[in-house]
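Student: Just one file: protein_20.txt, with compact mmCIF, C-alpha atoms.
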# COMPACT_ATOMS: atom_id res chain seq x y z
CA MET A 23 6.15 -40.18 18.26
CA SER A 24 2.36 -40.71 18.08
CA TYR A 25 1.46 -43.87 16.13
CA ASN A 26 -1.29 -41.86 14.34
CA PHE A 27 1.34 -39.43 13.11
CA PHE A 28 3.68 -42.32 12.21
CA LEU A 29 1.01 -44.17 10.20
CA SER A 30 -0.22 -41.04 8.43
CA ARG A 31 3.36 -40.19 7.43
CA ARG A 32 3.91 -43.72 6.11
CA ILE A 33 0.67 -43.56 4.12
CA TYR A 34 1.66 -40.13 2.75
CA SER A 35 5.30 -40.99 2.00
CA GLY A 36 4.33 -44.37 0.60
CA GLY A 37 2.33 -42.61 -2.08
CA SER A 38 -0.92 -44.42 -1.49
CA THR A 39 -2.75 -41.08 -1.72
CA GLN A 40 -1.27 -40.50 -5.17
CA LYS A 41 -2.38 -43.83 -6.69
CA GLY A 42 -5.62 -45.17 -7.94
CA GLY A 43 -8.87 -43.22 -7.99
CA ALA A 44 -7.80 -40.85 -5.22
CA ALA A 45 -5.00 -39.29 -7.24
CA PRO A 46 -7.06 -36.74 -9.24
CA ALA A 47 -9.02 -35.68 -6.16
CA VAL A 48 -5.84 -35.24 -4.14
CA ARG A 49 -4.23 -33.17 -6.88
CA ILE A 50 -7.31 -30.97 -7.14
CA ALA A 51 -7.34 -30.51 -3.36
CA LEU A 52 -3.64 -29.57 -3.39
CA LEU A 53 -4.23 -27.10 -6.24
CA GLY A 54 -7.23 -25.64 -4.40
CA ILE A 55 -5.14 -24.97 -1.30
CA ALA A 56 -2.18 -23.65 -3.33
CA PHE A 57 -4.32 -21.45 -5.58
CA GLY A 58 -6.39 -20.07 -2.72
CA LEU A 59 -3.36 -19.23 -0.56
CA ALA A 60 -1.49 -17.66 -3.50
CA ILE A 61 -4.47 -15.46 -4.43
CA ILE A 62 -4.88 -14.32 -0.82
CA LEU A 63 -1.16 -13.49 -0.47
CA LEU A 64 -1.05 -11.63 -3.78
CA SER A 65 -4.28 -9.75 -3.04
CA VAL A 66 -2.93 -8.53 0.31
CA ALA A 67 0.40 -7.65 -1.34
CA VAL A 68 -1.28 -5.64 -4.12
CA VAL A 69 -3.57 -3.73 -1.75
CA SER A 70 -0.70 -3.03 0.67
CA GLY A 71 1.48 -1.92 -2.24
CA PHE A 72 -1.21 0.39 -3.62
CA LYS A 73 -1.88 1.95 -0.25
CA HIS A 74 1.81 2.46 0.50
CA GLN A 75 2.70 3.89 -2.92
CA ILE A 76 -0.26 6.29 -3.01
CA LYS A 77 0.41 7.46 0.56
CA VAL A 78 4.09 8.00 -0.30
CA ARG A 79 3.14 10.08 -3.35
CA LEU A 80 0.56 12.10 -1.43
CA ALA A 81 3.04 12.72 1.38
CA GLY A 82 5.70 13.63 -1.20
CA PHE A 83 3.50 16.39 -2.59
CA GLY A 84 2.36 17.39 0.88
CA ALA A 85 3.08 15.82 4.26
CA ASP A 86 1.60 13.61 6.98
CA VAL A 87 0.20 16.71 8.70
CA GLN A 88 -0.31 20.21 7.30
CA ILE A 89 -0.65 23.37 9.37
CA ALA A 90 -2.01 26.29 7.37
CA ASN A 91 -4.42 29.18 7.45
CA PHE A 92 -8.08 28.18 7.38
CA ASP A 93 -8.61 29.41 3.80
CA ALA A 94 -5.98 26.91 2.59
CA ALA A 95 -8.72 24.29 2.61
CA VAL A 96 -10.55 25.97 -0.25
CA SER A 97 -7.97 27.77 -2.39
CA TYR A 98 -4.37 27.68 -3.61
CA GLU A 99 -4.35 31.50 -3.23
CA THR A 100 -3.77 31.36 0.52
CA LEU A 101 -3.60 33.88 3.30
CA PRO A 102 -0.37 33.53 5.26
CA ILE A 103 0.34 32.30 8.74
CA TRP A 104 3.16 33.67 10.85
CA VAL A 105 5.89 31.09 11.40
CA THR A 106 8.99 31.48 13.56
CA ASP A 107 11.64 29.16 14.96
CA SER A 108 9.79 29.13 18.29
CA LEU A 109 6.76 27.46 16.66
CA ASP A 110 9.04 24.89 15.02
CA ASN A 111 10.69 24.11 18.36
CA ARG A 112 7.37 23.96 20.15
CA ILE A 113 5.96 21.41 17.69
CA ARG A 114 9.06 19.23 17.98
CA LYS A 115 8.91 19.40 21.77
CA ASP A 116 5.21 18.57 21.96
CA PHE A 117 5.45 15.77 19.38
CA PRO A 118 8.72 13.78 19.49
CA SER A 119 7.58 11.65 16.54
CA VAL A 120 8.00 14.62 14.16
CA SER A 121 10.83 13.94 11.70
CA THR A 122 10.81 17.05 9.47
CA ILE A 123 9.05 20.42 9.36
CA GLN A 124 9.21 22.49 6.21
CA ARG A 125 7.62 25.77 5.18
CA TYR A 126 5.85 26.22 1.88
CA ALA A 127 3.94 28.86 -0.05
CA THR A 128 1.71 28.30 -3.06
CA LYS A 129 0.48 30.60 -5.79
CA PRO A 130 -1.48 29.88 -8.98
CA ALA A 131 0.42 30.71 -12.17
CA MET A 132 0.08 30.49 -15.92
CA ILE A 133 2.80 28.94 -18.07
CA LYS A 134 2.90 30.43 -21.54
CA THR A 135 5.03 29.49 -24.52
CA ASP A 136 4.73 30.22 -28.23
CA GLU A 137 2.89 26.93 -28.72
CA ALA A 138 0.62 26.61 -25.69
CA PHE A 139 -0.39 27.81 -22.25
CA GLN A 140 -1.24 25.89 -19.09
CA GLY A 141 -2.38 26.73 -15.57
CA ALA A 142 -0.47 25.25 -12.63
CA VAL A 143 0.52 25.93 -9.03
CA ALA A 144 3.94 27.26 -8.13
CA LYS A 145 4.98 25.80 -4.81
CA GLY A 146 7.69 27.76 -3.02
CA LEU A 147 10.05 25.80 -0.81
CA GLY A 148 12.84 26.83 1.55
CA PRO A 149 16.30 25.46 2.31
CA GLU A 150 14.87 22.93 4.81
CA PHE A 151 12.91 21.25 2.00
CA ASP A 152 13.37 17.45 2.03
CA HIS A 153 13.82 16.71 -1.67
CA SER A 154 14.29 12.91 -1.32
CA PHE A 155 10.86 12.13 -2.81
CA PHE A 156 11.37 14.26 -5.92
CA LYS A 157 14.98 13.11 -6.24
CA ASP A 158 13.76 9.50 -6.40
CA HIS A 159 11.43 10.45 -9.26
CA LEU A 160 13.80 12.79 -11.08
CA VAL A 161 14.01 12.10 -14.82
CA GLU A 162 16.48 14.82 -15.84
CA GLY A 163 18.55 17.53 -14.21
CA THR A 164 18.73 18.13 -10.49
CA ILE A 165 16.73 19.42 -7.53
CA PRO A 166 18.17 22.80 -6.53
CA VAL A 167 18.71 23.99 -2.98
CA PHE A 168 15.98 26.59 -2.67
CA SER A 169 16.44 29.81 -0.72
CA ASP A 170 14.18 32.02 1.35
CA SER A 171 16.52 35.00 1.45
CA CYS A 172 17.48 35.66 -2.18
CA TYR A 173 15.86 35.26 -5.58
CA THR A 174 16.55 32.03 -7.46
CA ASN A 175 15.37 31.82 -11.06
CA GLN A 176 15.23 28.02 -11.08
CA ILE A 177 12.18 25.80 -11.46
CA VAL A 178 11.46 22.07 -11.43
CA LEU A 179 8.66 20.85 -13.71
CA SER A 180 6.95 17.50 -14.14
CA LYS A 181 7.50 15.49 -17.29
CA THR A 182 3.77 15.84 -18.00
CA LEU A 183 3.87 19.65 -17.98
CA ALA A 184 7.14 19.76 -19.94
CA ARG A 185 5.66 17.55 -22.66
CA LYS A 186 2.44 19.55 -22.84
CA MET A 187 4.32 22.83 -23.11
CA HIS A 188 7.03 21.47 -25.47
CA LEU A 189 9.74 22.33 -22.96
CA LYS A 190 12.98 20.58 -22.09
CA LEU A 191 15.79 20.80 -19.55
CA ASN A 192 17.60 24.18 -19.40
CA ASP A 193 14.82 25.94 -21.35
CA LYS A 194 13.55 29.24 -19.99
CA LEU A 195 9.85 29.85 -19.51
CA LEU A 196 7.61 32.71 -18.50
CA LEU A 197 5.33 32.33 -15.50
CA TYR A 198 2.47 34.81 -15.17
CA PHE A 199 1.09 35.54 -11.70
CA VAL A 200 -2.07 37.53 -10.99
CA THR A 201 -1.76 39.80 -7.94
CA ASP A 202 -2.95 43.42 -7.96
CA HIS A 203 -1.73 43.28 -11.54
CA ILE A 204 -0.22 40.62 -13.78
CA ARG A 205 3.43 39.88 -13.05
CA ALA A 206 5.75 37.77 -15.20
CA ARG A 207 8.88 35.92 -14.11
CA LYS A 208 11.39 34.19 -16.38
CA LEU A 209 12.67 30.95 -14.85
CA LYS A 210 15.11 28.27 -15.99
CA ILE A 211 14.13 24.59 -15.95
CA VAL A 212 16.82 22.78 -13.95
CA GLY A 213 14.94 19.56 -13.22
CA ILE A 214 12.15 17.37 -14.62
CA TYR A 215 10.40 14.79 -12.43
CA ASP A 216 7.84 12.07 -13.11
CA THR A 217 5.99 10.42 -10.21
CA GLY A 218 3.31 8.77 -12.38
CA PHE A 219 0.76 10.52 -10.18
CA SER A 220 -0.66 12.44 -13.14
CA GLN A 221 -3.24 14.44 -11.19
CA TYR A 222 -0.47 16.07 -9.15
CA ASP A 223 2.24 16.04 -11.81
CA GLU A 224 0.03 18.31 -13.89
CA THR A 225 -0.48 20.67 -10.96
CA TYR A 226 2.76 21.40 -9.12
CA MET A 227 5.92 23.27 -10.08
CA LEU A 228 8.74 23.70 -7.55
CA VAL A 229 10.26 27.16 -7.09
CA ASP A 230 12.00 28.94 -4.25
CA LEU A 231 10.04 30.22 -1.27
CA TYR A 232 11.42 33.75 -1.55
CA LEU A 233 9.87 34.18 -5.02
CA ILE A 234 6.35 33.41 -3.77
CA GLN A 235 6.80 35.58 -0.68
CA ARG A 236 7.88 38.56 -2.80
CA LEU A 237 5.04 38.09 -5.28
CA SER A 238 2.52 37.86 -2.42
CA GLY A 239 3.96 40.84 -0.55
CA TRP A 240 4.85 38.78 2.52
CA ASP A 241 7.85 39.08 4.80
CA SER A 242 10.24 36.27 5.64
CA HIS A 243 8.07 34.92 8.49
CA GLN A 244 4.88 34.62 6.43
CA VAL A 245 4.14 31.38 4.56
CA SER A 246 1.13 29.45 3.34
CA GLY A 247 1.77 26.76 5.91
CA LEU A 248 3.96 24.09 7.43
CA GLU A 249 4.31 20.51 6.22
CA VAL A 250 5.02 18.14 9.11
CA ASN A 251 6.29 14.62 8.42
CA LEU A 252 6.27 11.93 11.10
CA THR A 253 8.56 9.00 11.74
CA SER A 254 7.62 5.66 10.21
CA ASP A 255 6.88 4.05 13.59
CA ALA A 256 4.48 6.81 14.67
CA ASP A 257 0.72 6.30 14.84
CA LYS A 258 0.07 9.03 12.32
CA ALA A 259 -3.69 9.21 12.81
CA VAL A 260 -3.35 9.65 16.58
CA VAL A 261 -0.56 12.24 16.26
CA ALA A 262 -2.56 14.19 13.67
CA ASP A 263 -5.64 14.19 15.95
CA ASN A 264 -3.61 15.40 18.92
CA MET A 265 -1.96 18.09 16.83
CA ARG A 266 -5.38 19.19 15.56
CA ILE A 267 -6.70 19.50 19.11
CA GLN A 268 -3.68 21.48 20.24
CA TYR A 269 -3.22 23.90 17.33
CA THR A 270 -6.48 24.32 15.39
CA ASN A 271 -7.90 27.85 15.77
CA VAL A 272 -4.91 28.97 17.80
CA PRO A 273 -4.01 32.55 16.69
CA ASP A 274 -0.57 33.08 15.20
CA GLY A 275 -0.29 36.54 16.76
CA HIS A 276 -0.54 38.43 13.45
CA GLY A 277 -4.18 38.02 12.47
CA GLY A 278 -4.13 34.41 11.25
CA HIS A 279 -5.36 31.20 12.84
CA TYR A 280 -3.78 27.78 12.51
CA PHE A 281 -5.72 25.03 10.78
CA VAL A 282 -4.44 21.44 11.09
CA GLN A 283 -5.24 18.72 8.54
CA SER A 284 -3.98 15.16 8.25
CA LEU A 285 -3.16 13.46 4.97
CA ARG A 286 -6.54 11.72 5.08
CA ASP A 287 -8.31 15.07 5.65
CA LEU A 288 -6.58 16.55 2.61
CA HIS A 289 -7.42 13.61 0.30
CA PRO A 290 -10.62 11.94 1.57
CA GLN A 291 -11.64 10.56 -1.85
CA LEU A 292 -8.40 8.66 -2.36
CA PHE A 293 -8.44 7.24 1.15
CA GLY A 294 -12.06 6.22 0.70
CA TRP A 295 -11.04 4.34 -2.45
CA LEU A 296 -8.21 2.62 -0.56
CA ASP A 297 -10.65 1.58 2.19
CA LEU A 298 -12.83 -0.07 -0.47
CA LEU A 299 -9.83 -2.12 -1.57
CA ASP A 300 -9.65 -3.58 1.94
CA ILE A 301 -13.24 -4.78 1.55
CA ASN A 302 -12.31 -6.44 -1.75
CA VAL A 303 -9.49 -8.33 -0.02
CA VAL A 304 -11.88 -9.64 2.66
CA VAL A 305 -14.31 -10.84 -0.06
CA ILE A 306 -11.48 -12.55 -1.97
CA LEU A 307 -10.24 -14.17 1.24
CA PHE A 308 -13.61 -15.76 2.01
CA LEU A 309 -14.15 -16.84 -1.62
CA MET A 310 -10.73 -18.48 -1.85
CA LEU A 311 -11.11 -20.21 1.50
CA GLY A 312 -14.52 -21.46 0.36
CA VAL A 313 -13.14 -22.85 -2.91
CA ALA A 314 -10.16 -24.44 -1.15
CA GLY A 315 -12.43 -25.84 1.58
CA VAL A 316 -14.77 -27.55 -0.88
CA THR A 317 -11.91 -29.13 -2.83
CA MET A 318 -10.17 -30.29 0.38
CA ILE A 319 -13.35 -31.88 1.76
CA SER A 320 -13.97 -33.65 -1.53
CA GLY A 321 -10.40 -34.88 -1.70
CA LEU A 322 -10.38 -36.23 1.87
CA LEU A 323 -13.74 -37.98 1.38
CA ILE A 324 -12.38 -39.76 -1.68
CA ILE A 325 -9.20 -40.71 0.22
CA ILE A 326 -11.33 -42.14 3.04
CA LEU A 327 -13.43 -44.15 0.57
CA GLU A 328 -10.27 -45.44 -1.15
CA HIS A 329 -8.96 -46.62 2.22
CA THR A 330 -12.18 -48.22 3.49
CA GLN A 331 -10.54 -51.64 3.84
CA MET A 332 -7.64 -50.14 5.77
CA ILE A 333 -10.06 -48.34 8.10
CA GLY A 334 -11.97 -51.57 8.66
CA LEU A 335 -8.74 -53.41 9.45
CA PHE A 336 -7.67 -50.74 11.93
CA LYS A 337 -11.06 -50.94 13.66
CA ALA A 338 -10.90 -54.74 13.75
CA LEU A 339 -7.51 -54.48 15.45
CA GLY A 340 -9.06 -52.32 18.16
CA MET A 341 -8.53 -48.73 17.03
CA SER A 342 -11.33 -46.40 18.04
CA ASN A 343 -13.15 -44.09 15.65
CA ARG A 344 -11.41 -41.17 17.34
CA SER A 345 -7.97 -42.66 16.67
CA VAL A 346 -8.76 -43.41 13.02
CA ARG A 347 -10.10 -39.90 12.60
CA LYS A 348 -6.87 -38.51 14.05
CA LEU A 349 -4.93 -40.66 11.60
CA PHE A 350 -6.67 -39.22 8.56
CA LEU A 351 -6.64 -35.73 10.04
CA SER A 352 -2.85 -36.05 10.37
CA LEU A 353 -2.75 -37.22 6.76
CA SER A 354 -4.73 -34.14 5.71
CA VAL A 355 -2.17 -31.93 7.52
CA PHE A 356 0.55 -33.34 5.25
CA LEU A 357 -1.56 -32.57 2.19
CA ILE A 358 -2.40 -29.07 3.43
CA ALA A 359 1.27 -28.36 4.13
CA GLN A 360 2.23 -29.51 0.63
CA GLY A 361 -0.43 -27.28 -0.91
CA MET A 362 0.67 -24.31 1.19
CA VAL A 363 4.30 -24.76 0.13
CA ILE A 364 3.23 -24.75 -3.52
CA GLY A 365 1.03 -21.69 -2.95
CA ASN A 366 3.83 -19.77 -1.21
CA LEU A 367 6.31 -20.61 -3.96
CA PHE A 368 3.88 -19.57 -6.70
CA ALA A 369 2.99 -16.29 -4.95
CA GLY A 370 6.67 -15.62 -4.17
CA VAL A 371 7.74 -16.00 -7.81
CA ILE A 372 5.05 -13.57 -9.03
CA TYR A 373 5.86 -11.16 -6.19
CA PHE A 374 9.57 -10.93 -6.98
CA VAL A 375 9.11 -10.89 -10.77
CA GLN A 376 6.61 -8.04 -10.51
CA ASN A 377 8.71 -6.00 -8.07
CA TYR A 378 11.89 -6.30 -10.13
CA TRP A 379 10.56 -6.17 -13.70
CA HIS A 380 7.09 -4.56 -13.34
CA VAL A 381 5.52 -7.04 -15.75
CA PHE A 382 1.95 -5.92 -15.01
CA SER A 383 1.57 -2.27 -15.94
CA LEU A 384 -1.27 0.18 -15.26
CA ASP A 385 -2.55 3.46 -16.65
CA PRO A 386 -1.34 6.11 -14.16
CA ALA A 387 -4.14 8.46 -15.21
CA THR A 388 -6.62 5.99 -13.70
CA TYR A 389 -4.69 4.15 -11.01
CA TYR A 390 -2.13 6.84 -10.00
CA VAL A 391 0.78 4.42 -10.50
CA ASN A 392 2.23 3.00 -13.72
CA TYR A 393 2.61 -0.61 -12.52
CA VAL A 394 0.99 -2.96 -10.02
CA PRO A 395 2.88 -2.42 -6.75
CA MET A 396 3.26 -5.33 -4.35
CA GLU A 397 4.32 -5.15 -0.71
CA ILE A 398 3.71 -7.52 2.15
CA SER A 399 5.24 -7.56 5.60
CA PHE A 400 6.64 -10.70 7.21
CA ARG A 401 3.98 -10.36 9.93
CA SER A 402 1.14 -10.34 7.38
CA TRP A 403 2.65 -13.28 5.49
CA LEU A 404 3.01 -15.29 8.70
CA LEU A 405 -0.53 -14.51 9.92
CA ILE A 406 -2.04 -15.47 6.55
CA ASN A 407 -0.19 -18.80 6.52
CA ILE A 408 -1.04 -19.63 10.13
CA GLY A 409 -4.67 -18.63 9.59
CA THR A 410 -4.91 -20.70 6.40
CA LEU A 411 -3.41 -23.73 8.15
CA PHE A 412 -5.80 -23.61 11.11
CA VAL A 413 -8.89 -22.90 8.98
CA SER A 414 -7.96 -25.72 6.61
CA ILE A 415 -7.48 -28.21 9.46
CA PHE A 416 -10.79 -27.12 11.00
CA ILE A 417 -12.55 -27.66 7.66
CA MET A 418 -11.01 -31.15 7.32
CA ILE A 419 -12.48 -32.26 10.68
CA LEU A 420 -15.97 -32.52 9.16
CA PRO A 421 -15.36 -35.29 6.57
CA THR A 422 -13.51 -37.47 9.14
CA TYR A 423 -16.85 -38.09 10.91
CA MET A 424 -17.70 -40.39 7.98
CA ILE A 425 -15.23 -42.89 9.47
CA ALA A 426 -17.69 -43.65 12.31
CA ARG A 427 -20.14 -45.01 9.72
CA ILE A 428 -17.70 -47.60 8.37
CA ASN A 429 -18.42 -51.09 9.68
CA PRO A 430 -15.32 -53.32 10.05
CA ALA A 431 -17.09 -56.51 8.89
CA SER A 432 -18.55 -55.07 5.72
CA SER A 433 -15.50 -52.93 4.92
CA MET A 434 -13.22 -55.97 4.76
CA ARG A 435 -15.24 -57.10 1.67
CA TYR A 436 -15.23 -53.55 0.18
CA GLU A 437 -13.66 -53.22 -3.27
Render the structure in this file as structure tokens.
Tutor:
Amino acid sequence: MSYNFFLSRRIYSGGSTQKGGAAPAVRIALLGIAFGLAIILLSVAVVSGFKHQIKVRLAGFGADVQIANFDAAVSYETLPIWVTDSLDNRIRKDFPSVSTIQRYATKPAMIKTDEAFQGAVAKGLGPEFDHSFFKDHLVEGTIPVFSDSCYTNQIVLSKTLARKMHLKLNDKLLLYFVTDHIRARKLKIVGIYDTGFSQYDETYMLVDLYLIQRLSGWDSHQVSGLEVNLTSDADKAVVADNMRIQYTNVPDGHGGHYFVQSLRDLHPQLFGWLDLLDINVVVILFLMLGVAGVTMISGLLIIILEHTQMIGLFKALGMSNRSVRKLFLSLSVFLIAQGMVIGNLFAGVIYFVQNYWHVFSLDPATYYVNYVPMEISFRSWLLINIGTLFVSIFIMILPTYMIARINPASSMRYE
């Protein structure tokens, strides 16, 4: 074992850094490291949680990639594309990272009751519909198995729409659709969901695909589009770009042309907002490292001054400036490690408390979620800790150069 490491450990374990005038400075340095690391970890966790939760909600209402007719980009009243099993098979063959493909059809509608009326979008879904997202956010009732071959008078509403329209589970409501003339359909509410994503909760109602096809005068192969979800390990941006190159403007054989959009293409404003959050994390990271760096430098300088006589004695015994510097740098590593342990424990407690009890709540109308989500991967946690350790050690090198200015003869009389 290096004698520098041995001496620094004895100084640290002996408590000499916790006594006398150095004690407050050391505590402040430890708190600076702990506070800075905890803020960085929690900031990354919050941003990662926001991005994941919003992407999950957006994908739940849509998909990672959407293939539709070109006019789908500007209106809910869409022209159809022609979809067959051969197209489904071709997409799966060309892109092995595809997990699910589901058809959908949308049509604007008006909900009317004796007390109120509200515009919304009826989204028709077929039997291949993956209802796991809505099932996770189901408040009452159930998600039916929709059909594309027979009429189903069942509908799933959001809690927001149900409250606005004074409706409850098992109530029947009238939906009015405008085609060549106004058509009304009486549907039964079999499920009520609440995602907290108010902008979309107020918009979408889930009905069966066959209903929308009949109202639009389409046959069984005509739909508004396809929603394509990718596996979690796929590079979704790259797959979406490749799919766009391969299918955009390709004719469907019945007068329509395919138009491919990624999740980011469909919601550019939200993704722009999420990108700004990344900038905030970078700013916080530099600020916290700056605060921690200043407190660590101050603490080590005070420790060096408190141990001037010891430094002089070491030099008188023949230790070089480089060796003494290594000694105090090793001592600073112990202090940094202690501060990092405290910071990790503090961040970990807040992380688990928030994830299990949702102590910090938010207004979903503004932030799209009703609590502060936190998620951080082991890789991110490890990189942040390693980066903090190396940056902190690098910062601590600077004050150790003061040791070269200490003269052994004069330091032995230093009090």
Student: Ranking A:Phe374, A:Phe72, A:Tyr173, A:Phe416 by minimum distance to A:Ser352 and counting all atoms listed in the file, which one comes first?
Tutor: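 Closest to A:Ser352, using all atoms listed in the file: A:Phe416.
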Student: Which residues, written as JSON, numbers by chain, have at least one atom at most 12 Å from stretch 105-111 of chain A, with all atoms listed in the file counted and residues fewer than 5 positions away on the same chain left out?
Tutor: {"A": [89, 90, 91, 116, 117, 118, 120, 121, 122, 123, 124, 125, 126, 127, 150, 240, 241, 242, 243, 244, 245, 246, 247, 248, 249, 250, 269, 272, 273, 274, 275, 276, 278, 279, 280]}
Student: Could you take the residues named above and write them with C-alpha atoms, as a PDB file, in the coordinates of the input?
Tutor:
ATOM      1  CA  ILE A  89      -0.650  23.370   9.370  1.00  0.00           C
ATOM      2  CA  ALA A  90      -2.010  26.290   7.370  1.00  0.00           C
ATOM      3  CA  ASN A  91      -4.420  29.180   7.450  1.00  0.00           C
ATOM      4  CA  ASP A 116       5.210  18.570  21.960  1.00  0.00           C
ATOM      5  CA  PHE A 117       5.450  15.770  19.380  1.00  0.00           C
ATOM      6  CA  PRO A 118       8.720  13.780  19.490  1.00  0.00           C
ATOM      7  CA  VAL A 120       8.000  14.620  14.160  1.00  0.00           C
ATOM      8  CA  SER A 121      10.830  13.940  11.700  1.00  0.00           C
ATOM      9  CA  THR A 122      10.810  17.050   9.470  1.00  0.00           C
ATOM     10  CA  ILE A 123       9.050  20.420   9.360  1.00  0.00           C
ATOM     11  CA  GLN A 124       9.210  22.490   6.210  1.00  0.00           C
ATOM     12  CA  ARG A 125       7.620  25.770   5.180  1.00  0.00           C
ATOM     13  CA  TYR A 126       5.850  26.220   1.880  1.00  0.00           C
ATOM     14  CA  ALA A 127       3.940  28.860  -0.050  1.00  0.00           C
ATOM     15  CA  GLU A 150      14.870  22.930   4.810  1.00  0.00           C
ATOM     16  CA  TRP A 240       4.850  38.780   2.520  1.00  0.00           C
ATOM     17  CA  ASP A 241       7.850  39.080   4.800  1.00  0.00           C
ATOM     18  CA  SER A 242      10.240  36.270   5.640  1.00  0.00           C
ATOM     19  CA  HIS A 243       8.070  34.920   8.490  1.00  0.00           C
ATOM     20  CA  GLN A 244       4.880  34.620   6.430  1.00  0.00           C
ATOM     21  CA  VAL A 245       4.140  31.380   4.560  1.00  0.00           C
ATOM     22  CA  SER A 246       1.130  29.450   3.340  1.00  0.00           C
ATOM     23  CA  GLY A 247       1.770  26.760   5.910  1.00  0.00           C
ATOM     24  CA  LEU A 248       3.960  24.090   7.430  1.00  0.00           C
ATOM     25  CA  GLU A 249       4.310  20.510   6.220  1.00  0.00           C
ATOM     26  CA  VAL A 250       5.020  18.140   9.110  1.00  0.00           C
ATOM     27  CA  TYR A 269      -3.220  23.900  17.330  1.00  0.00           C
ATOM     28  CA  VAL A 272      -4.910  28.970  17.800  1.00  0.00           C
ATOM     29  CA  PRO A 273      -4.010  32.550  16.690  1.00  0.00           C
ATOM     30  CA  ASP A 274      -0.570  33.080  15.200  1.00  0.00           C
ATOM     31  CA  GLY A 275      -0.290  36.540  16.760  1.00  0.00           C
ATOM     32  CA  HIS A 276      -0.540  38.430  13.450  1.00  0.00           C
ATOM     33  CA  GLY A 278      -4.130  34.410  11.250  1.00  0.00           C
ATOM     34  CA  HIS A 279      -5.360  31.200  12.840  1.00  0.00           C
ATOM     35  CA  TYR A 280      -3.780  27.780  12.510  1.00  0.00           C
TER      36      TYR A 280
END
Student: Using all atoms listed in the file, find the one residue out of A:Gln283, A:Asn175, A:Thr217, A:Asn192 that sits nearest to A:Ile234.
Tutor: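 Residue with the minimum atom-to-atom distance to A:Ile234: A:Asn175.
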Student: What gap, in Å, lies between atom CA of A:Tyr393 and atom CA of A:Trp379?
Tutor: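 Computing the Euclidean distance for atom CA of A:Tyr393 and atom CA of A:Trp379 yields 9.8 Å.
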Student: Name the closest residue to A:Leu191 among the candidates A:Gly163, A:Gly321, A:Pro421, A:Gly146; distances are taken between atoms, counting only C-alpha atoms.
Tutor: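 Using only C-alpha atoms, A:Leu191 sits closest to A:Gly163.
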Student: Would you mind telling me which residue in A:Val48, A:Val68, A:Ile211, A:Ala56 lies nearest to A:Ile364 when using only C-alpha atoms?
Tutor: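 Distance minimum relative to A:Ile364 lands on A:Ala56.
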Student: Report, in Å to a single decimal, how far apart atom CA of A:Val363 and atom CA of A:Met332 are.
Tutor: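 Separation of atom CA of A:Met332 and atom CA of A:Val363: 28.6 Å.
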Student: Which one of A:Asp86, A:Ile319, A:Val200, A:Leu405 sits closest to A:Ala259 if you count only C-alpha atoms?
Tutor: A:Asp86
Student: So which residues fall inside 9 Å of (3.3, 27.9, -25.0) if we count all atoms listed in the file? Mind giving them as a list of chain:residue names?
Tutor: A:Ile133, A:Lys134, A:Thr135, A:Asp136, A:Glu137, A:Ala138, A:Phe139, A:Gln140, A:Lys186, A:Met187, A:His188, A:Leu189, A:Leu195
Student: Given all atoms listed in the file as the basis, pick out the residue of A:Thr182, A:Thr388, A:Ser119, A:Thr422 nearest to A:Leu327.
Tutor: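 The closest residue to A:Leu327 is A:Thr422.
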Student: Please indicate the distance in Å from atom CA of A:Asn392 to atom CA of A:Val375, rounded to one decimal place.
Tutor: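 Computing the Euclidean distance for atom CA of A:Asn392 and atom CA of A:Val375 yields 15.8 Å.
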Student: Adding 3 Å on each side of the box along x, y and z that holds all listed atoms of stretch 151-169 of chain A, could you give its centre and edge lengths in Å to one decimal, as lines of an AutoDock Vina configuration file?
Tutor:
center_x = 14.8
center_y = 19.7
center_z = -6.9
size_x = 13.9
size_y = 26.3
size_z = 23.9
Student: Extract stretch 294-308 of chain A from the preceding block and save C-alpha atoms as a PDB file, in the first residue's frame.
Tutor:
ATOM      1  CA  GLY A 294     -39.075  20.996 -28.726  1.00  0.00           C
ATOM      2  CA  TRP A 295     -40.095  21.627 -25.119  1.00  0.00           C
ATOM      3  CA  LEU A 296     -38.431  18.373 -24.026  1.00  0.00           C
ATOM      4  CA  ASP A 297     -35.234  19.374 -25.839  1.00  0.00           C
ATOM      5  CA  LEU A 298     -35.200  22.623 -23.847  1.00  0.00           C
ATOM      6  CA  LEU A 299     -35.315  20.587 -20.647  1.00  0.00           C
ATOM      7  CA  ASP A 300     -32.039  18.946 -21.679  1.00  0.00           C
ATOM      8  CA  ILE A 301     -30.449  22.400 -21.890  1.00  0.00           C
ATOM      9  CA  ASN A 302     -31.702  23.163 -18.374  1.00  0.00           C
ATOM     10  CA  VAL A 303     -30.022  20.002 -17.068  1.00  0.00           C
ATOM     11  CA  VAL A 304     -26.690  21.021 -18.633  1.00  0.00           C
ATOM     12  CA  VAL A 305     -26.949  24.484 -17.010  1.00  0.00           C
ATOM     13  CA  ILE A 306     -27.783  22.938 -13.618  1.00  0.00           C
ATOM     14  CA  LEU A 307     -24.883  20.501 -13.971  1.00  0.00           C
ATOM     15  CA  PHE A 308     -22.330  23.266 -14.533  1.00  0.00           C
TER      16      PHE A 308
END
